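The file structure-v6.csv comes next; it holds CSV, C-alpha atoms.
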```
chain,number,residue,atom,x,y,z
A,1,MET,CA,-2.9,-1.7,10.4
A,2,PRO,CA,-4.8,1.1,12.1
A,3,PRO,CA,-4.6,4.5,10.4
A,4,GLY,CA,-1.7,6.5,11.8
A,5,LEU,CA,0.0,3.5,13.5
A,6,SER,CA,2.3,2.0,10.9
A,7,GLY,CA,4.2,-1.2,11.3
A,8,SER,CA,7.5,0.7,11.2
A,9,VAL,CA,6.3,2.8,14.2
A,10,LEU,CA,5.6,-0.4,16.2
A,11,LEU,CA,9.0,-1.7,15.3
A,12,VAL,CA,10.5,1.6,16.7
A,13,ILE,CA,8.5,1.2,19.9
A,14,LEU,CA,9.5,-2.5,20.3
A,15,GLY,CA,13.2,-1.6,19.7
A,16,LEU,CA,13.4,-3.6,16.5
A,17,TYR,CA,13.4,-0.9,13.8
A,18,HIS,CA,17.1,-0.4,13.6
A,19,LYS,CA,17.8,-4.1,13.6
A,20,VAL,CA,15.2,-4.7,10.8
A,21,ILE,CA,16.5,-1.8,8.7
A,22,ASN,CA,20.1,-2.9,9.1
A,23,ALA,CA,19.2,-6.5,8.1
A,24,ILE,CA,17.4,-5.3,5.0
A,25,GLY,CA,20.0,-2.7,4.2
A,26,THR,CA,22.9,-5.2,4.5
A,27,LEU,CA,20.8,-8.2,3.2
A,28,PHE,CA,23.5,-9.6,0.9
A,29,LYS,CA,26.5,-9.0,3.2
A,30,ASN,CA,25.3,-11.7,5.6
A,31,PHE,CA,22.5,-13.2,3.7
A,32,LYS,CA,21.8,-16.3,5.9
A,33,LYS,CA,21.8,-14.4,9.2
A,34,ASN,CA,19.6,-11.6,7.9
A,35,VAL,CA,17.1,-14.0,6.3
A,36,ILE,CA,16.8,-16.0,9.5
A,37,PHE,CA,16.2,-12.8,11.4
A,38,LEU,CA,13.7,-11.3,8.9
A,39,LEU,CA,11.7,-14.5,8.0
A,40,PRO,CA,9.7,-14.8,11.3
A,41,LEU,CA,8.9,-11.0,11.2
A,42,CYS,CA,7.7,-11.3,7.6
A,43,LEU,CA,5.5,-14.4,8.5
A,44,GLY,CA,4.1,-12.5,11.5
A,45,PHE,CA,3.4,-9.5,9.3
A,46,GLY,CA,1.6,-11.7,6.8
A,47,VAL,CA,-0.5,-13.4,9.4
A,48,GLY,CA,-1.3,-10.0,11.0
A,49,VAL,CA,-2.4,-8.5,7.7
A,50,ILE,CA,-4.7,-11.5,7.0
A,51,ILE,CA,-6.3,-11.5,10.5
A,52,PHE,CA,-6.6,-7.8,11.3
A,53,SER,CA,-7.3,-6.4,7.9
A,54,LYS,CA,-10.7,-8.1,7.8
A,55,MET,CA,-11.4,-7.2,11.4
A,56,VAL,CA,-10.5,-3.6,10.9
A,57,ASP,CA,-12.6,-3.4,7.7
A,58,PHE,CA,-15.6,-4.8,9.5
A,59,LEU,CA,-15.2,-2.3,12.4
A,60,LEU,CA,-14.7,0.7,10.2
A,61,GLU,CA,-17.8,-0.3,8.1
A,62,ASN,CA,-20.1,-0.8,11.1
A,63,PHE,CA,-18.6,1.3,13.9
A,64,GLU,CA,-16.4,3.9,12.2
A,65,MET,CA,-16.5,6.6,14.8
A,66,GLN,CA,-15.8,4.4,17.7
A,67,THR,CA,-13.1,2.5,15.8
A,68,ARG,CA,-11.3,5.6,14.7
A,69,PHE,CA,-11.3,7.0,18.3
A,70,ALA,CA,-9.9,3.7,19.5
A,71,PHE,CA,-7.1,4.0,16.9
A,72,LEU,CA,-6.6,7.6,18.1
A,73,GLY,CA,-6.1,6.4,21.7
A,74,LEU,CA,-3.8,3.6,20.6
A,75,VAL,CA,-1.6,6.0,18.5
A,76,ILE,CA,-1.4,8.7,21.3
A,77,GLY,CA,-0.5,6.0,23.7
A,78,THR,CA,2.6,5.2,21.7
A,79,ILE,CA,4.0,8.8,21.9
A,80,PRO,CA,5.8,8.6,25.3
A,81,LEU,CA,7.8,5.5,24.3
A,82,PHE,CA,8.5,6.8,20.8
A,83,TYR,CA,9.8,10.1,22.3
A,84,LYS,CA,11.9,8.0,24.7
A,85,GLU,CA,13.4,6.2,21.7
A,86,VAL,CA,14.2,9.5,20.1
A,87,LYS,CA,16.3,10.5,23.1
A,88,LYS,CA,18.0,7.1,23.6
A,89,GLU,CA,21.3,8.1,21.9
A,90,GLY,CA,21.7,11.5,23.4
A,91,PHE,CA,19.5,14.6,23.0
A,92,SER,CA,19.9,18.4,23.1
A,93,LYS,CA,17.5,21.3,22.6
A,94,LYS,CA,18.4,21.8,18.9
A,95,TYR,CA,16.5,18.6,18.1
A,96,TYR,CA,13.3,20.3,19.1
A,97,ILE,CA,13.8,22.5,16.1
A,98,PHE,CA,14.0,19.3,13.9
A,99,MET,CA,10.8,18.1,15.4
A,100,LEU,CA,9.0,21.4,15.0
A,101,VAL,CA,10.1,21.8,11.3
A,102,SER,CA,9.1,18.3,10.4
A,103,LEU,CA,5.8,18.7,12.3
A,104,ILE,CA,4.9,21.8,10.4
A,105,PHE,CA,6.0,20.2,7.1
A,106,GLY,CA,3.8,17.2,7.8
A,107,PHE,CA,0.8,19.4,8.6
A,108,VAL,CA,1.3,21.5,5.4
A,109,ILE,CA,1.9,18.5,3.1
A,110,PHE,CA,-0.2,15.7,4.5
A,111,GLY,CA,-2.8,17.6,6.7
A,112,ALA,CA,-6.4,16.5,6.4
A,113,ASN,CA,-5.6,13.8,3.8
A,114,ARG,CA,-4.6,16.5,1.3
A,115,GLU,CA,-4.2,15.4,-2.3
A,116,LEU,CA,-1.1,17.0,-3.8
A,117,PHE,CA,-1.4,15.3,-7.2
A,118,PRO,CA,-4.4,14.2,-9.4
A,119,LYS,CA,-5.6,10.7,-9.0
A,120,ILE,CA,-4.0,8.1,-11.3
A,121,THR,CA,-6.5,5.6,-12.6
A,122,ASN,CA,-4.8,4.2,-15.8
A,123,PRO,CA,-1.1,4.1,-15.0
A,124,ASN,CA,1.8,3.6,-17.4
A,125,LEU,CA,4.7,1.3,-16.6
A,126,LEU,CA,6.8,3.9,-14.7
A,127,GLN,CA,3.8,5.0,-12.6
A,128,SER,CA,3.1,1.4,-11.6
A,129,VAL,CA,6.7,1.0,-10.6
A,130,PHE,CA,6.5,4.3,-8.7
A,131,LEU,CA,3.4,2.9,-6.9
A,132,GLY,CA,5.6,0.1,-5.5
A,133,ILE,CA,8.3,2.5,-4.5
A,134,ALA,CA,5.8,4.8,-2.7
A,135,VAL,CA,4.4,1.8,-0.8
A,136,ALA,CA,7.9,0.8,0.2
A,137,GLY,CA,8.8,4.3,1.4
A,138,SER,CA,5.6,4.8,3.4
A,139,SER,CA,6.0,1.4,5.0
A,140,ILE,CA,9.7,1.7,5.9
A,141,ILE,CA,9.9,5.2,7.2
A,142,PRO,CA,8.3,5.5,10.6
A,143,GLY,CA,5.8,8.2,11.2
A,144,VAL,CA,4.3,8.3,7.7
A,145,ASP,CA,1.0,6.6,7.2
A,146,SER,CA,0.7,4.6,4.0
A,147,ALA,CA,-2.9,5.6,3.3
A,148,VAL,CA,-2.1,9.3,3.8
A,149,ILE,CA,1.1,9.3,1.6
A,150,LEU,CA,-0.6,7.3,-1.2
A,151,SER,CA,-3.7,9.6,-1.1
A,152,SER,CA,-1.4,12.7,-1.3
A,153,LEU,CA,0.3,11.2,-4.3
A,154,GLY,CA,-3.0,10.3,-6.0
A,155,LEU,CA,-2.2,6.6,-5.8
A,156,TYR,CA,-4.4,5.3,-3.0
A,157,GLU,CA,-7.4,4.3,-5.2
A,158,LEU,CA,-5.0,2.7,-7.7
A,159,TYR,CA,-3.3,0.7,-4.9
A,160,VAL,CA,-6.6,-0.6,-3.4
A,161,GLY,CA,-8.2,-1.2,-6.8
A,162,SER,CA,-5.3,-3.1,-8.3
A,163,ILE,CA,-5.2,-5.4,-5.2
A,164,ALA,CA,-8.9,-5.9,-5.2
A,165,ASP,CA,-9.0,-6.7,-8.9
A,166,PHE,CA,-5.7,-8.6,-8.8
A,167,ASN,CA,-4.6,-6.5,-11.8
A,168,LEU,CA,-1.2,-8.1,-12.7
A,169,SER,CA,-0.4,-5.5,-15.3
A,170,ILE,CA,-0.1,-3.0,-12.4
A,171,LEU,CA,0.9,-5.4,-9.5
A,172,ILE,CA,3.9,-7.0,-11.3
A,173,PRO,CA,5.7,-3.7,-12.0
A,174,ALA,CA,4.6,-2.3,-8.6
A,175,GLY,CA,6.1,-5.5,-7.0
A,176,VAL,CA,9.4,-4.7,-8.8
A,177,GLY,CA,9.2,-1.1,-7.5
A,178,LEU,CA,8.4,-2.4,-4.0
A,179,VAL,CA,11.5,-4.7,-3.9
A,180,LEU,CA,13.8,-2.0,-5.2
A,181,GLY,CA,12.3,0.6,-2.9
A,182,VAL,CA,12.7,-1.6,0.2
A,183,LEU,CA,16.3,-2.4,-0.6
A,184,VAL,CA,17.3,1.2,-1.5
A,185,ILE,CA,15.3,3.0,1.1
A,186,SER,CA,16.4,0.6,3.9
A,187,PHE,CA,20.0,1.1,2.8
A,188,PHE,CA,19.8,4.9,3.2
A,189,MET,CA,17.7,4.7,6.4
A,190,ASN,CA,20.3,2.4,7.9
A,191,LYS,CA,23.1,4.9,7.0
A,192,LEU,CA,21.1,7.9,8.4
A,193,ILE,CA,20.3,6.1,11.7
A,194,SER,CA,23.9,4.9,12.1
A,195,LYS,CA,25.4,8.3,11.6
A,196,PHE,CA,22.6,10.7,12.6
A,197,TYR,CA,20.4,8.7,15.0
A,198,THR,CA,18.9,11.5,17.1
A,199,GLY,CA,18.4,13.9,14.2
A,200,THR,CA,16.8,11.3,12.0
A,201,PHE,CA,14.4,10.1,14.7
A,202,SER,CA,13.6,13.7,15.7
A,203,ILE,CA,12.4,14.4,12.1
A,204,ILE,CA,10.5,11.1,12.0
A,205,PHE,CA,8.9,11.9,15.4
A,206,GLY,CA,7.7,15.3,14.1
A,207,LEU,CA,6.2,13.6,11.0
A,208,PHE,CA,4.5,11.0,13.2
A,209,LEU,CA,2.8,13.7,15.3
A,210,SER,CA,1.7,15.6,12.2
A,211,ILE,CA,-0.2,12.6,10.8
A,212,ILE,CA,-2.1,11.7,14.0
A,213,PRO,CA,-5.1,14.0,13.1
A,214,ASN,CA,-5.6,12.0,10.0
A,215,VAL,CA,-6.8,9.0,12.1
A,216,LEU,CA,-10.1,10.9,12.4
A,217,ASN,CA,-12.3,12.0,9.6
A,218,GLU,CA,-15.6,13.7,9.0
A,219,SER,CA,-17.5,10.9,10.7
A,220,CYS,CA,-15.8,11.6,14.0
A,221,VAL,CA,-17.6,14.8,15.0
A,222,LEU,CA,-18.3,14.8,18.7
A,223,GLY,CA,-21.7,15.9,20.1
A,224,PHE,CA,-23.9,15.6,23.2
A,225,ASN,CA,-24.9,12.0,22.5
A,226,ILE,CA,-24.1,8.5,23.7
A,227,GLN,CA,-22.1,7.7,20.6
A,228,SER,CA,-19.6,10.5,21.4
A,229,VAL,CA,-19.4,9.4,25.1
A,230,ILE,CA,-18.6,5.8,24.1
A,231,SER,CA,-16.0,7.0,21.5
A,232,ILE,CA,-14.2,9.1,24.1
A,233,VAL,CA,-14.2,6.3,26.6
A,234,ILE,CA,-12.9,3.9,24.0
A,235,ALA,CA,-10.1,6.4,23.1
A,236,ILE,CA,-9.1,6.6,26.7
A,237,LEU,CA,-9.1,2.8,27.0
A,238,GLY,CA,-7.0,2.6,23.8
A,239,PHE,CA,-4.5,5.0,25.2
A,240,GLY,CA,-4.2,3.0,28.4
A,241,VAL,CA,-3.7,-0.3,26.5
A,242,SER,CA,-1.2,1.2,24.1
A,243,TYR,CA,0.8,3.0,26.9
A,244,PHE,CA,0.8,-0.1,29.1
A,245,LEU,CA,1.9,-2.5,26.3
A,246,GLY,CA,4.5,0.0,25.1
A,247,ASP,CA,6.6,-0.7,28.2
A,248,ILE,CA,5.0,-3.7,29.7
A,249,LYS,CA,7.9,-4.9,31.8
A,250,GLY,CA,8.4,-1.4,33.3
A,251,ASN,CA,4.7,-0.9,33.9
A,252,ILE,CA,4.2,-4.3,35.6
A,253,LYS,CA,7.2,-3.4,37.9
A,254,LYS,CA,5.5,0.0,38.7
A,255,ILE,CA,2.2,-1.8,39.5
A,256,LYS,CA,4.0,-4.2,41.8
A,257,MET,CA,5.7,-1.3,43.6
A,258,TRP,CA,2.4,0.6,44.0
A,259,TYR,CA,0.8,-2.6,45.4
A,260,LYS,CA,3.6,-3.0,47.9
A,261,LYS,CA,3.3,0.6,49.0
A,262,ALA,CA,-0.5,0.3,49.3
A,263,LYS,CA,-0.1,-3.0,51.2
A,264,GLY,CA,2.3,-1.3,53.6
A,265,MET,CA,-0.2,1.6,54.2
A,266,TYR,CA,-3.1,-0.8,54.5
A,267,ASP,CA,-2.4,-4.3,55.7
A,268,PHE,CA,-4.9,-6.4,53.7
A,269,ASP,CA,-3.8,-9.7,55.4
A,270,LYS,CA,-4.5,-8.2,58.9
A,271,VAL,CA,-8.0,-7.0,57.8
A,272,LYS,CA,-8.8,-10.4,56.3
A,273,LYS,CA,-7.9,-12.2,59.5
A,274,LEU,CA,-10.2,-9.8,61.5
A,275,THR,CA,-13.1,-10.3,59.2
A,276,ASP,CA,-12.8,-14.1,59.1
```

Structure translated into structure tokens:
Amino acid sequence: MPPGLSGSVLLVILGLYHKVINAIGTLFKNFKKNVIFLLPLCLGFGVGVIIFSKMVDFLLENFEMQTRFAFLGLVIGTIPLFYKEVKKEGFSKKYYIFMLVSLIFGFVIFGANRELFPKITNPNLLQSVFLGIAVAGSSIIPGVDSAVILSSLGLYELYVGSIADFNLSILIPAGVGLVLGVLVISFFMNKLISKFYTGTFSIIFGLFLSIIPNVLNESCVLGFNIQSVISIVIAILGFGVSYFLGDIKGNIKKIKMWYKKAKGMYDFDKVKKLTD
């Protein structure tokens, strides 16, 4: 998944987040129905990880600056629809305070990939379980980037290294923590969204905005060169693609309306007949 654009954010934009959280949070209440709903999403997630992780790794390794600017454009392009989702259940000016406070909090705590805790390289059992819980929390809560959160907690290198080395002494307890974290965090998120929808999403939106700068790093310094120009153009294209896909039905409808207006102002069929 591109930095800054978590799977949970995409679920929010696609209007599926609340349904997914509710299905996980109430998994055993209606087990069969929830599993049928979640199974294709999990399969899609797995296929997406396998396909795109290698692609993203290749692009970051060979074209890091251009790739990160593409991600930046994609992330910024999701802001309008995410904001629309925040306001879906009613909105008042007090929620701007929620956004501002969470935005400032995010900048202070997670700004510039800040490490709040020392790196953990040789974890004990509880630290391995906590790794799984941290992965669950950063994956489920929209607006928080897993890499940023894990780096801040000193767990990112441990996470990457244990997967690369297939270290079962870490992965097994982390898997237990992941399952527990998904169930517990989804339960509480479902309760919060059900009772405090706008407030919860206002806080999440502020956190989402605060982590956007982390998409770029020290390799993304702009200058008067062709690489910078290409990066900016790619970012604009990324924004356009993300914004268009975010509300594809509505945007197609707008394009058709603009076409009809343009056709009314300039009769293409009449001009074609005159030129034939």

From the list A:Leu16, A:Leu41, A:Leu171, A:Ile97, which residue is nearest A:Gly199 when using all atoms listed in the file?
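Checking each of A:Leu16, A:Leu41, A:Leu171, A:Ile97 against A:Gly199, counting all atoms listed in the file, the winner is A:Ile97.
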
Cut-off 10 Å: closest stretch 173-235 of chain A/stretch 133-136 of chain A atom pairs per residue, using only C-alpha atoms, as JSON lines:
```
{"residue": "A:Ala174", "atom": "CA", "partner": "A:Ile133", "partner_atom": "CA", "distance": 7.3}
{"residue": "A:Gly175", "atom": "CA", "partner": "A:Ile133", "partner_atom": "CA", "distance": 8.7}
{"residue": "A:Val176", "atom": "CA", "partner": "A:Ile133", "partner_atom": "CA", "distance": 8.5}
{"residue": "A:Gly177", "atom": "CA", "partner": "A:Ile133", "partner_atom": "CA", "distance": 4.8}
{"residue": "A:Leu178", "atom": "CA", "partner": "A:Ile133", "partner_atom": "CA", "distance": 4.9}
{"residue": "A:Val179", "atom": "CA", "partner": "A:Ala136", "partner_atom": "CA", "distance": 7.7}
{"residue": "A:Leu180", "atom": "CA", "partner": "A:Ile133", "partner_atom": "CA", "distance": 7.1}
{"residue": "A:Gly181", "atom": "CA", "partner": "A:Ile133", "partner_atom": "CA", "distance": 4.7}
{"residue": "A:Val182", "atom": "CA", "partner": "A:Ala136", "partner_atom": "CA", "distance": 5.4}
{"residue": "A:Leu183", "atom": "CA", "partner": "A:Ala136", "partner_atom": "CA", "distance": 9.0}
{"residue": "A:Val184", "atom": "CA", "partner": "A:Ala136", "partner_atom": "CA", "distance": 9.6}
{"residue": "A:Ile185", "atom": "CA", "partner": "A:Ala136", "partner_atom": "CA", "distance": 7.8}
{"residue": "A:Ser186", "atom": "CA", "partner": "A:Ala136", "partner_atom": "CA", "distance": 9.3}
```

For the residues in that selection, give me C-alpha atoms as a PDB file, in the frame of the given file.
```
ATOM      1  CA  ALA A 174       4.600  -2.300  -8.600  1.00  0.00           C
ATOM      2  CA  GLY A 175       6.100  -5.500  -7.000  1.00  0.00           C
ATOM      3  CA  VAL A 176       9.400  -4.700  -8.800  1.00  0.00           C
ATOM      4  CA  GLY A 177       9.200  -1.100  -7.500  1.00  0.00           C
ATOM      5  CA  LEU A 178       8.400  -2.400  -4.000  1.00  0.00           C
ATOM      6  CA  VAL A 179      11.500  -4.700  -3.900  1.00  0.00           C
ATOM      7  CA  LEU A 180      13.800  -2.000  -5.200  1.00  0.00           C
ATOM      8  CA  GLY A 181      12.300   0.600  -2.900  1.00  0.00           C
ATOM      9  CA  VAL A 182      12.700  -1.600   0.200  1.00  0.00           C
ATOM     10  CA  LEU A 183      16.300  -2.400  -0.600  1.00  0.00           C
ATOM     11  CA  VAL A 184      17.300   1.200  -1.500  1.00  0.00           C
ATOM     12  CA  ILE A 185      15.300   3.000   1.100  1.00  0.00           C
ATOM     13  CA  SER A 186      16.400   0.600   3.900  1.00  0.00           C
TER      14      SER A 186
END
```

Using only C-alpha atoms, determine which residues lie at most 10 Å from A:Pro118, disregarding the query and same-chain residues fewer than 5 positions distant; provide the list as a list in words.
Ser151, Ser152, Leu153, Gly154 and Leu155 of chain A

Selected residue, from A:Ser231, A:Leu131, A:Ile24, A:Glu89, that lies nearest to A:Lys195 when counting only C-alpha atoms
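Once distances to A:Lys195 are computed over only C-alpha atoms, the minimum belongs to A:Glu89.
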
Nearest residue to A:Thr121 out of A:Val233, A:Met99, A:Leu192, A:Val160, using all atoms listed in the file?
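The shortest atom-to-atom distance to A:Thr121 comes from A:Val160.
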
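In terms of minimum interatomic distance to A:Lys88, A:Ser202 ranks closest within A:Ser219, A:Thr67, A:Ser202, A:Asn251, counting only C-alpha atoms.
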
In Å, rounded to a single decimal, give me how far atom CA of A:Ile226 is from atom CA of A:Met65.
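Calculated distance between atom CA of A:Met65 and atom CA of A:Ile226 is 11.9 Å.
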
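Counting from atom CA of A:Ala164, the distance to atom CA of A:Leu59 is 19.0 Å.
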
Interatomic distance (Å, one decimal) between atom CA of A:Phe98 and atom CA of A:Ser146:
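Distance reported for this atom pair: 22.2 Å.
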
Check the smallest atom-to-atom distance from each of A:Phe224, A:Phe71, A:Phe63, A:Phe28 to A:Phe239 using all atoms listed in the file, then report the winner.
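The answer is A:Phe71, which sits nearest to A:Phe239.
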
Please provide as a ChimeraX atom specification all residues within 9 Å of A:Asn22, with the sequence filter that same-chain residues fewer than 3 positions apart are discarded (counting only C-alpha atoms).
/A:17-19,25-27,34,186-187,189-191

Selected residue, from A:Val241, A:Leu74, A:Ile163, A:Val86, that lies nearest to A:Ile193 when counting only C-alpha atoms:
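Closest candidate: A:Val86.
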